[in-house]
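S.K.: I am sharing model-v1.pdb, which consists of PDB, C-alpha atoms and all ligand atoms:
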```pdb
ATOM      1  CA  MET J  20       0.000   0.000   0.000
ATOM      2  CA  ALA J  21       1.456   3.348  -1.075
ATOM      3  CA  SER J  22       1.586   6.221   1.418
ATOM      4  CA  ILE J  23       0.721   9.536  -0.165
ATOM      5  CA  ALA J  24       0.761  12.962   1.511
ATOM      6  CA  VAL J  25      -1.925  15.342   0.250
ATOM      7  CA  THR J  26      -2.045  19.008   1.270
ATOM      8  CA  GLY J  27      -5.325  20.909   1.153
ATOM      9  CA  SER J  28      -7.091  17.650   2.014
ATOM     10  CA  ALA J  29     -10.092  19.261   3.706
ATOM     11  CA  SER J  30     -11.775  20.881   0.720
ATOM     12  CA  GLY J  31     -12.322  21.037  -3.023
ATOM     13  CA  ILE J  32      -9.715  19.395  -5.235
ATOM     14  CA  GLY J  33      -7.586  18.089  -2.340
ATOM     15  CA  ALA J  34     -10.549  16.362  -0.668
ATOM     16  CA  GLU J  35     -11.510  14.714  -3.959
ATOM     17  CA  VAL J  36      -7.923  13.611  -4.580
ATOM     18  CA  CYS J  37      -7.860  11.954  -1.136
ATOM     19  CA  LYS J  38     -11.157  10.191  -1.792
ATOM     20  CA  MET J  39     -10.080   8.882  -5.190
ATOM     21  CA  LEU J  40      -6.577   7.763  -4.171
ATOM     22  CA  GLU J  41      -7.958   6.058  -1.076
ATOM     23  CA  SER J  42     -10.513   4.177  -3.216
ATOM     24  CA  GLU J  43      -7.574   3.000  -5.334
ATOM     25  CA  GLY J  44      -5.949   1.480  -2.252
ATOM     26  CA  HIS J  45      -3.478   4.186  -1.240
ATOM     27  CA  SER J  46      -2.949   5.223   2.347
ATOM     28  CA  ILE J  47      -3.522   8.968   2.639
ATOM     29  CA  ILE J  48      -1.868  11.429   5.009
ATOM     30  CA  GLY J  49      -3.914  14.602   4.668
ATOM     31  CA  ILE J  50      -2.619  17.996   5.774
ATOM     32  CA  ASP J  51      -4.776  21.087   6.164
ATOM     33  CA  ARG J  52      -5.318  23.972   8.543
ATOM     34  CA  ASN J  53      -7.609  21.874  10.749
ATOM     35  CA  ILE J  54      -8.059  18.164  11.377
ATOM     36  CA  ASP J  55     -11.301  16.827   9.881
ATOM     37  CA  GLN J  56     -13.252  13.594  10.141
ATOM     38  CA  LYS J  57     -12.214  12.404   6.691
ATOM     39  CA  HIS J  58      -8.623  12.517   5.459
ATOM     40  CA  THR J  59      -6.872  15.332   7.305
ATOM     41  CA  ARG J  60      -4.592  13.801   9.922
ATOM     42  CA  ILE J  61      -2.227  16.746  10.332
ATOM     43  CA  ALA J  62      -3.230  20.294  11.218
ATOM     44  CA  ALA J  63      -0.587  22.719   9.964
ATOM     45  CA  ASP J  64      -0.545  26.228   8.575
ATOM     46  CA  LEU J  65       1.499  26.089   5.381
ATOM     47  CA  SER J  66       1.647  29.882   5.081
ATOM     48  CA  ASN J  67       4.654  30.067   7.410
ATOM     49  CA  SER J  68       7.857  28.144   7.956
ATOM     50  CA  THR J  69       6.907  26.892  11.438
ATOM     51  CA  GLY J  70       3.734  25.286  10.087
ATOM     52  CA  ARG J  71       5.526  23.813   7.069
ATOM     53  CA  GLN J  72       8.230  22.237   9.260
ATOM     54  CA  LEU J  73       5.556  20.837  11.588
ATOM     55  CA  ALA J  74       3.821  19.295   8.564
ATOM     56  CA  VAL J  75       7.104  17.764   7.333
ATOM     57  CA  GLN J  76       7.873  16.352  10.769
ATOM     58  CA  GLU J  77       4.410  14.835  11.188
ATOM     59  CA  VAL J  78       4.292  13.344   7.675
ATOM     60  CA  SER J  79       7.757  11.804   8.232
ATOM     61  CA  ARG J  80       6.562  10.324  11.514
ATOM     62  CA  LEU J  81       3.307   8.917  10.091
ATOM     63  CA  CYS J  82       4.936   7.404   6.972
ATOM     64  CA  GLU J  83       7.869   6.104   9.051
ATOM     65  CA  GLY J  84      10.354   7.778   6.710
ATOM     66  CA  SER J  85       9.035   6.160   3.514
ATOM     67  CA  LEU J  86       6.617   8.045   1.334
ATOM     68  CA  ASP J  87       5.414   7.137  -2.185
ATOM     69  CA  GLY J  88       3.870  10.390  -3.246
ATOM     70  CA  ILE J  89       3.265  14.053  -2.454
ATOM     71  CA  ILE J  90       0.285  15.894  -3.883
ATOM     72  CA  CYS J  91       0.171  19.626  -3.166
ATOM     73  CA  CYS J  92      -3.360  20.975  -3.454
ATOM     74  CA  ALA J  93      -3.414  23.549  -0.632
ATOM     75  CA  GLY J  94      -3.763  27.020  -2.029
ATOM     76  CA  VAL J  95      -5.520  30.343  -1.702
ATOM     77  CA  GLY J  96      -7.121  32.317  -4.521
ATOM     78  CA  VAL J  97      -7.590  35.919  -5.571
ATOM     79  CA  THR J  98      -9.991  36.618  -2.697
ATOM     80  CA  ALA J  99      -7.211  35.958  -0.147
ATOM     81  CA  PRO J 100      -6.869  38.733   2.443
ATOM     82  CA  SER J 101      -3.308  39.601   1.389
ATOM     83  CA  THR J 102      -0.879  39.166  -1.473
ATOM     84  CA  SER J 103       1.806  37.832   0.894
ATOM     85  CA  LEU J 104      -0.548  35.046   2.037
ATOM     86  CA  ILE J 105      -0.854  33.991  -1.603
ATOM     87  CA  VAL J 106       2.941  33.853  -1.943
ATOM     88  CA  GLY J 107       3.282  32.078   1.420
ATOM     89  CA  VAL J 108       0.804  29.275   0.713
ATOM     90  CA  ASN J 109       0.937  28.843  -3.068
ATOM     91  CA  TYR J 110       4.720  29.013  -3.471
ATOM     92  CA  PHE J 111       6.632  28.527  -0.206
ATOM     93  CA  GLY J 112       3.908  26.266   1.216
ATOM     94  CA  VAL J 113       4.704  23.914  -1.664
ATOM     95  CA  THR J 114       8.467  24.255  -2.068
ATOM     96  CA  GLU J 115       9.480  24.124   1.602
ATOM     97  CA  PHE J 116       7.095  21.220   2.246
ATOM     98  CA  ILE J 117       8.407  19.189  -0.702
ATOM     99  CA  ASP J 118      12.058  20.002   0.059
ATOM    100  CA  GLY J 119      11.543  18.672   3.575
ATOM    101  CA  LEU J 120      10.118  15.369   2.342
ATOM    102  CA  THR J 121      12.166  14.361  -0.709
ATOM    103  CA  SER J 122      14.533  12.216   1.385
ATOM    104  CA  SER J 123      11.488  10.137   2.444
ATOM    105  CA  LEU J 124      10.462   9.723  -1.214
ATOM    106  CA  THR J 125      13.787   8.352  -2.421
ATOM    107  CA  LYS J 126      13.102   5.035  -0.693
ATOM    108  CA  ALA J 127      10.005   4.295  -2.813
ATOM    109  CA  SER J 128       9.963   2.928  -6.362
ATOM    110  CA  ASN J 129       7.947   5.028  -8.847
ATOM    111  CA  ALA J 130       7.699   7.910  -6.373
ATOM    112  CA  SER J 131       5.751  10.840  -7.696
ATOM    113  CA  ILE J 132       5.119  14.485  -6.865
ATOM    114  CA  VAL J 133       2.113  16.315  -8.290
ATOM    115  CA  ILE J 134       1.531  20.019  -7.741
ATOM    116  CA  ILE J 135      -1.766  21.730  -8.466
ATOM    117  CA  GLY J 136      -0.755  24.879 -10.309
ATOM    118  CA  SER J 137      -3.180  26.867 -12.422
ATOM    119  CA  VAL J 138      -3.914  27.940 -15.958
ATOM    120  CA  ALA J 139      -3.232  31.434 -14.502
ATOM    121  CA  ALA J 140       0.494  30.541 -14.387
ATOM    122  CA  THR J 141       0.802  31.617 -18.012
ATOM    123  CA  HIS J 142      -0.653  35.112 -17.412
ATOM    124  CA  GLN J 143       1.168  38.417 -16.817
ATOM    125  CA  GLN J 144       4.642  36.953 -16.315
ATOM    126  CA  GLN J 145       6.457  40.145 -17.358
ATOM    127  CA  GLU J 146       4.722  42.349 -14.778
ATOM    128  CA  THR J 147       5.695  39.983 -11.971
ATOM    129  CA  ALA J 148       9.209  38.929 -13.016
ATOM    130  CA  GLU J 149      10.855  40.505  -9.944
ATOM    131  CA  LEU J 150       8.443  38.733  -7.622
ATOM    132  CA  ALA J 151       9.106  35.406  -9.327
ATOM    133  CA  GLU J 152      12.869  35.937  -9.009
ATOM    134  CA  ALA J 153      12.535  36.533  -5.254
ATOM    135  CA  MET J 154      10.545  33.298  -4.950
ATOM    136  CA  PHE J 155      13.112  31.322  -6.974
ATOM    137  CA  ALA J 156      15.852  32.730  -4.725
ATOM    138  CA  GLY J 157      13.953  31.466  -1.664
ATOM    139  CA  GLU J 158      13.747  35.017  -0.276
ATOM    140  CA  GLU J 159      10.330  34.912   1.344
ATOM    141  CA  GLU J 160      10.509  38.278   3.117
ATOM    142  CA  LYS J 161      11.606  40.040  -0.055
ATOM    143  CA  ALA J 162       8.904  38.255  -2.056
ATOM    144  CA  ASN J 163       6.302  39.354   0.491
ATOM    145  CA  LEU J 164       7.436  42.971   0.230
ATOM    146  CA  ILE J 165       7.292  42.927  -3.567
ATOM    147  CA  ALA J 166       3.891  41.227  -3.480
ATOM    148  CA  GLU J 167       2.561  43.850  -1.074
ATOM    149  CA  THR J 168       3.881  46.640  -3.311
ATOM    150  CA  LEU J 169       2.188  45.062  -6.324
ATOM    151  CA  GLY J 170      -1.022  45.255  -4.313
ATOM    152  CA  SER J 171      -2.969  43.012  -6.692
ATOM    153  CA  THR J 172      -4.082  39.566  -5.593
ATOM    154  CA  HIS J 173      -4.539  38.659  -9.272
ATOM    155  CA  LEU J 174      -0.899  39.443 -10.063
ATOM    156  CA  ALA J 175       0.351  37.705  -6.901
ATOM    157  CA  TYR J 176      -1.753  34.626  -7.688
ATOM    158  CA  ALA J 177      -0.526  34.385 -11.292
ATOM    159  CA  ALA J 178       3.083  34.918 -10.134
ATOM    160  CA  SER J 179       2.839  32.292  -7.383
ATOM    161  CA  LYS J 180       1.477  29.718  -9.829
ATOM    162  CA  TYR J 181       4.040  30.562 -12.518
ATOM    163  CA  ALA J 182       6.906  30.339 -10.004
ATOM    164  CA  VAL J 183       5.770  27.069  -8.445
ATOM    165  CA  THR J 184       5.343  25.531 -11.921
ATOM    166  CA  ALA J 185       8.819  26.609 -13.050
ATOM    167  CA  TRP J 186      10.286  25.415  -9.706
ATOM    168  CA  ALA J 187       8.629  22.014 -10.201
ATOM    169  CA  ARG J 188      10.011  21.665 -13.729
ATOM    170  CA  LYS J 189      13.545  22.367 -12.463
ATOM    171  CA  LEU J 190      13.035  19.865  -9.635
ATOM    172  CA  SER J 191      11.887  17.242 -12.156
ATOM    173  CA  ILE J 192      15.351  17.411 -13.725
ATOM    174  CA  SER J 193      17.388  17.408 -10.541
ATOM    175  CA  ILE J 194      15.672  14.490  -8.790
ATOM    176  CA  ALA J 195      14.793  12.263 -11.751
ATOM    177  CA  LYS J 196      17.871  10.087 -11.164
ATOM    178  CA  GLN J 197      16.518   9.240  -7.720
ATOM    179  CA  GLY J 198      13.455   7.737  -9.424
ATOM    180  CA  ILE J 199      11.103  10.585  -8.497
ATOM    181  CA  ARG J 200       8.801  12.090 -11.124
ATOM    182  CA  VAL J 201       7.485  15.634 -10.738
ATOM    183  CA  ASN J 202       4.511  16.990 -12.667
ATOM    184  CA  VAL J 203       2.130  19.924 -12.473
ATOM    185  CA  ILE J 204      -1.580  20.014 -13.192
ATOM    186  CA  ALA J 205      -2.885  23.379 -14.378
ATOM    187  CA  PRO J 206      -6.640  23.460 -13.762
ATOM    188  CA  GLY J 207      -8.959  26.013 -15.288
ATOM    189  CA  ALA J 208     -12.101  27.055 -13.382
ATOM    190  CA  VAL J 209     -13.195  24.207 -11.093
ATOM    191  CA  GLU J 210     -16.339  24.267  -8.938
ATOM    192  CA  THR J 211     -14.903  24.412  -5.403
ATOM    193  CA  PRO J 212     -15.290  26.774  -2.428
ATOM    194  CA  LEU J 213     -12.262  28.747  -3.714
ATOM    195  CA  HIS J 214     -13.903  29.325  -7.092
ATOM    196  CA  GLN J 215     -17.269  30.058  -5.492
ATOM    197  CA  ALA J 216     -15.637  32.810  -3.405
ATOM    198  CA  SER J 217     -14.227  34.377  -6.600
ATOM    199  CA  LYS J 218     -17.663  34.309  -8.235
ATOM    200  CA  GLU J 219     -19.221  36.009  -5.208
ATOM    201  CA  ASP J 220     -16.536  38.704  -4.919
ATOM    202  CA  PRO J 221     -17.914  42.105  -5.948
ATOM    203  CA  ARG J 222     -14.550  43.046  -7.504
ATOM    204  CA  PHE J 223     -14.044  40.009  -9.745
ATOM    205  CA  GLY J 224     -17.339  38.094  -9.723
ATOM    206  CA  GLU J 225     -18.701  39.158 -13.118
ATOM    207  CA  ALA J 226     -15.386  38.601 -14.916
ATOM    208  CA  VAL J 227     -14.944  35.178 -13.296
ATOM    209  CA  LYS J 228     -18.473  34.110 -14.236
ATOM    210  CA  ASN J 229     -18.032  35.277 -17.844
ATOM    211  CA  PHE J 230     -14.663  33.558 -18.366
ATOM    212  CA  VAL J 231     -15.822  30.139 -19.529
ATOM    213  CA  ALA J 232     -13.761  27.383 -21.172
ATOM    214  CA  PRO J 233     -14.474  26.255 -24.754
ATOM    215  CA  LEU J 234     -16.236  23.175 -23.356
ATOM    216  CA  GLY J 235     -18.861  25.630 -22.081
ATOM    217  CA  ARG J 236     -18.684  24.738 -18.397
ATOM    218  CA  ASN J 237     -16.431  24.705 -15.369
ATOM    219  CA  GLY J 238     -14.663  21.562 -14.200
ATOM    220  CA  GLN J 239     -15.538  19.357 -11.236
ATOM    221  CA  PRO J 240     -12.960  18.448  -8.560
ATOM    222  CA  GLU J 241     -13.065  14.769  -9.589
ATOM    223  CA  GLU J 242     -11.925  15.725 -13.096
ATOM    224  CA  ILE J 243      -8.718  17.098 -11.554
ATOM    225  CA  ALA J 244      -8.442  14.086  -9.228
ATOM    226  CA  ASN J 245      -8.610  11.800 -12.310
ATOM    227  CA  ALA J 246      -5.505  13.508 -13.678
ATOM    228  CA  VAL J 247      -3.716  13.208 -10.318
ATOM    229  CA  SER J 248      -4.605   9.519 -10.191
ATOM    230  CA  PHE J 249      -3.020   9.021 -13.628
ATOM    231  CA  LEU J 250       0.137  10.981 -12.794
ATOM    232  CA  VAL J 251       0.864   9.027  -9.596
ATOM    233  CA  SER J 252       0.222   5.682 -11.318
ATOM    234  CA  GLU J 253       2.566   3.352 -13.208
ATOM    235  CA  LYS J 254       0.689   4.367 -16.364
ATOM    236  CA  ALA J 255       2.530   7.699 -16.149
ATOM    237  CA  SER J 256       5.952   6.104 -15.593
ATOM    238  CA  PHE J 257       7.589   8.182 -18.375
ATOM    239  CA  VAL J 258       5.719  11.426 -17.643
ATOM    240  CA  ASN J 259       8.073  13.829 -15.897
ATOM    241  CA  GLY J 260       8.396  17.616 -15.848
ATOM    242  CA  SER J 261       5.102  18.081 -17.666
ATOM    243  CA  VAL J 262       2.382  20.664 -17.155
ATOM    244  CA  LEU J 263      -0.972  19.028 -17.783
ATOM    245  CA  PHE J 264      -3.729  21.552 -18.496
ATOM    246  CA  VAL J 265      -7.054  20.233 -17.226
ATOM    247  CA  ASP J 266      -9.061  23.291 -18.136
ATOM    248  CA  GLY J 267     -11.751  22.524 -20.697
ATOM    249  CA  GLY J 268      -9.568  24.162 -23.352
ATOM    250  CA  MET J 269      -9.016  27.507 -21.592
ATOM    251  CA  ASP J 270      -5.259  27.594 -22.225
ATOM    252  CA  ALA J 271      -5.722  26.652 -25.874
ATOM    253  CA  MET J 272      -8.300  29.445 -26.176
ATOM    254  CA  MET J 273      -5.955  32.016 -24.605
ATOM    255  CA  ARG J 274      -2.743  31.156 -26.469
ATOM    256  CA  SER J 275      -3.289  28.599 -29.210
ATOM    257  CA  ASN J 276       0.130  29.159 -30.767
ATOM    258  CA  LYS J 277       2.116  28.696 -27.579
ATOM    259  CA  PHE J 278       2.771  25.323 -25.990
TER     260      PHE J 278
HETATM  261  P1  LIG X   1     -10.403  25.020  -1.717
HETATM  262  O1  LIG X   1     -10.464  26.335  -1.052
HETATM  263  O2  LIG X   1     -11.644  24.237  -1.876
HETATM  264  O3  LIG X   1      -9.301  24.098  -1.016
HETATM  265  C1  LIG X   1      -8.047  24.609  -0.663
HETATM  266  C2  LIG X   1      -7.583  23.920   0.608
HETATM  267  O4  LIG X   1      -6.295  24.463   0.946
HETATM  268  C3  LIG X   1      -8.518  24.175   1.800
HETATM  269  O5  LIG X   1      -8.845  22.966   2.452
HETATM  270  C4  LIG X   1      -7.711  25.082   2.694
HETATM  271  O6  LIG X   1      -7.980  24.957   4.076
HETATM  272  C5  LIG X   1      -6.285  24.663   2.345
HETATM  273  N1  LIG X   1      -5.356  25.722   2.721
HETATM  274  C6  LIG X   1      -5.393  27.024   2.361
HETATM  275  N2  LIG X   1      -4.464  27.716   3.016
HETATM  276  C7  LIG X   1      -3.799  26.851   3.816
HETATM  277  C8  LIG X   1      -2.750  26.976   4.745
HETATM  278  N3  LIG X   1      -2.209  28.160   5.036
HETATM  279  N4  LIG X   1      -2.306  25.877   5.376
HETATM  280  C9  LIG X   1      -2.883  24.675   5.132
HETATM  281  N5  LIG X   1      -3.899  24.486   4.268
HETATM  282  C10 LIG X   1      -4.359  25.569   3.626
HETATM  283  O7  LIG X   1      -9.756  25.311  -3.139
HETATM  284  P2  LIG X   1      -9.525  24.405  -4.433
HETATM  285  O8  LIG X   1     -10.205  25.056  -5.538
HETATM  286  O9  LIG X   1      -9.757  22.991  -4.155
HETATM  287  O10 LIG X   1      -7.965  24.669  -4.676
HETATM  288  C11 LIG X   1      -6.988  23.638  -4.671
HETATM  289  C12 LIG X   1      -5.829  24.120  -5.528
HETATM  290  O11 LIG X   1      -6.269  24.249  -6.881
HETATM  291  C13 LIG X   1      -5.267  25.482  -5.131
HETATM  292  O12 LIG X   1      -3.863  25.433  -5.201
HETATM  293  C14 LIG X   1      -5.815  26.403  -6.204
HETATM  294  O13 LIG X   1      -4.985  27.519  -6.412
HETATM  295  C15 LIG X   1      -5.831  25.480  -7.393
HETATM  296  N6  LIG X   1      -6.712  25.904  -8.464
HETATM  297  C16 LIG X   1      -8.070  25.979  -8.262
HETATM  298  C17 LIG X   1      -8.884  26.400  -9.281
HETATM  299  C18 LIG X   1     -10.365  26.495  -9.133
HETATM  300  O14 LIG X   1     -11.029  27.072 -10.010
HETATM  301  N7  LIG X   1     -10.962  25.961  -8.073
HETATM  302  C19 LIG X   1      -8.335  26.787 -10.598
HETATM  303  C20 LIG X   1      -6.920  26.628 -10.702
HETATM  304  C21 LIG X   1      -6.141  26.217  -9.674
END
```
What does this structure look like when you write it as structure tokens?
M.R.:
Amino acid sequence: MASIAVTGSASGIGAEVCKMLESEGHSIIGIDRNIDQKHTRIAADLSNSTGRQLAVQEVSRLCEGSLDGIICCAGVGVTAPSTSLIVGVNYFGVTEFIDGLTSSLTKASNASIVIIGSVAATHQQQETAELAEAMFAGEEEKANLIAETLGSTHLAYAASKYAVTAWARKLSISIAKQGIRVNVIAPGAVETPLHQASKEDPRFGEAVKNFVAPLGRNGQPEEIANAVSFLVSEKASFVNGSVLFVDGGMDAMMRSNKF
């Protein structure tokens, strides 16, 4: 039985990922802000280093030093109360958590990391280049300052998702020889509490509701979980460093000539 750590296990995509992987016979170690009755066994706040290290320590303890997979779903959206929270959870909450656990992954065969990025990763990269550089350099305080100066949760969100995707692609090269595959899923609009909050926000609601994928609907969390299930399986044994858009065609609609 494979042990898989899943962040953001209490809601939306993360909860669905836990449900699906558990039904496939995996043992799930869920991490979220609060323990719940379902899959969340570790309460940790991934927005700061203390919480991330607690999560790493507890996952290592529960998997007894041998983990088969890490799925990072925890994230905050454009309605987050601050731009630095977006940077803290969506970028450092992924990178510091994964860095702390890769030594546990090297003991498994066909170990796999999947990060939930976003179709937004491809947006507005020039405007946020300095912020992305600070994230790549691991300078969280500097990144927070730049994010606060930017003052736009949209820009901070796009930058955090771009940076975490690029970080994952670099990681996929450096740890491939240890038998660990790293891939990113870039969802479009998916019906979850995070997306619902965007639709209800007086600042962005109309734009969010009007931005519909070519398939003419938003996705469901299980459609993202299906892609996670594939990427952690043996069927994806040669898939590494990829960004899989699961977005109803949104990326193709936005930039058909770029891939
Ligand atoms: P959600 O709000 O339903 O679930 C997010 C989970 O992350 C929650 O359980 C929440 O408690 C947890 N979380 C947030 N901050 C945390 C923190 N500081 N420490 C620990 N846990 C924390 O949202 P959803 O939609 O399921 O989002 C999952 C991922 O998918 C996120 O990374 C999001 O950016 C991404 N995504 C979602 C899209 C959508 O339309 N729903 C579109 C593209 C990407």
S.K.: Just so the selection is clear, what residues does the PyMOL selection byres (((not hetatm)) within 6 of (chain X and resi 1)) cover here, as a VMD selection string?
M.R.: chain J and resid 27 to 33 51 to 52 63 to 66 92 to 96 108 135 to 137 206 to 214
S.K.: Could you check how far atom CA of Leu81 of chain J sits from atom CA of Leu250 of chain J, in Å to one decimal?
M.R.: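 Those two atoms sit 23.2 Å apart.
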S.K.: Just say which residues the PyMOL selection byres (((chain J and resi 45) around 10) and not hetatm) picks in this file, as a tab-separated table (two decimals) with C-alpha atoms, in the coordinates of the input.
M.R.:
```
chain	number	residue	atom	x	y	z
J	20	MET	CA	0.00	0.00	0.00
J	21	ALA	CA	1.46	3.35	-1.08
J	22	SER	CA	1.59	6.22	1.42
J	23	ILE	CA	0.72	9.54	-0.16
J	37	CYS	CA	-7.86	11.95	-1.14
J	38	LYS	CA	-11.16	10.19	-1.79
J	39	MET	CA	-10.08	8.88	-5.19
J	40	LEU	CA	-6.58	7.76	-4.17
J	41	GLU	CA	-7.96	6.06	-1.08
J	42	SER	CA	-10.51	4.18	-3.22
J	43	GLU	CA	-7.57	3.00	-5.33
J	44	GLY	CA	-5.95	1.48	-2.25
J	46	SER	CA	-2.95	5.22	2.35
J	47	ILE	CA	-3.52	8.97	2.64
J	48	ILE	CA	-1.87	11.43	5.01
J	87	ASP	CA	5.41	7.14	-2.18
J	88	GLY	CA	3.87	10.39	-3.25
```
S.K.: Decode the PyMOL selection byres (((chain J and resi 217) around 10) and not hetatm) for the given file into explicit residues and return them as a list in words.
M.R.: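 Output from the PyMOL selection byres (((chain J and resi 217) around 10) and not hetatm), applied to this file: Gly96, Val97, Thr98, Ala99, Pro212, Leu213, His214, Gln215, Ala216, Lys218, Glu219, Asp220, Pro221, Arg222, Phe223, Gly224, Glu225, Ala226, Val227 and Lys228 of chain J.
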S.K.: Measuring between all atoms listed in the file, which one of J:Leu234, J:Ala177, J:Ile89, J:Val251 shows the shortest distance to Gln145 of chain J?
M.R.: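 The shortest atom-to-atom distance to Gln145 of chain J comes from J:Ala177.
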S.K.: For Pro100 of chain J, work out the shell of residues within 12 Å, counting all atoms listed in the file and skipping chain neighbours fewer than 3 positions away, then give it as JSON, numbers by chain.
M.R.: {"J": [95, 96, 97, 103, 104, 105, 106, 167, 170, 171, 172, 173, 175]}
S.K.: Please measure the separation of atom CA of Val25 of chain J and atom CA of Lys196 of chain J, giving the value in Å to one decimal.
M.R.: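 Result for atom CA of Val25 of chain J versus atom CA of Lys196 of chain J: 23.4 Å, one decimal.
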S.K.: Hey, which of J:Leu190, J:Leu164, J:Cys91, J:Ala74 ends up closest to Tyr110 of chain J? Count all atoms listed in the file.
M.R.: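 When distances to Tyr110 of chain J are compared using all atoms listed in the file, the smallest one comes from J:Cys91.
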S.K.: Just the residues within 12 Å of Gly198 of chain J, please, counting all atoms listed in the file, with nothing from its chain fewer than 5 positions along; format it as a count of residues only.
M.R.: 20
S.K.: Select, from J:Leu169, J:Leu263, J:Ala232, J:Val247, the residue with the minimum atom-to-atom distance to Thr147 of chain J, counting all atoms listed in the file.
M.R.: J:Leu169
S.K.: Near Asp270 of chain J, counting only C-alpha atoms, which residues have an atom at most 10 Å away, once you skip same-chain residues fewer than 6 positions from it, shown as a count of residues only?
M.R.: 11
S.K.: In Å, rounded to a single decimal, give me how far atom CA of His142 of chain J is from atom CA of Met272 of chain J.
M.R.: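 Value for the atom CA of Met272 of chain J-atom CA of His142 of chain J distance: 12.9 Å.
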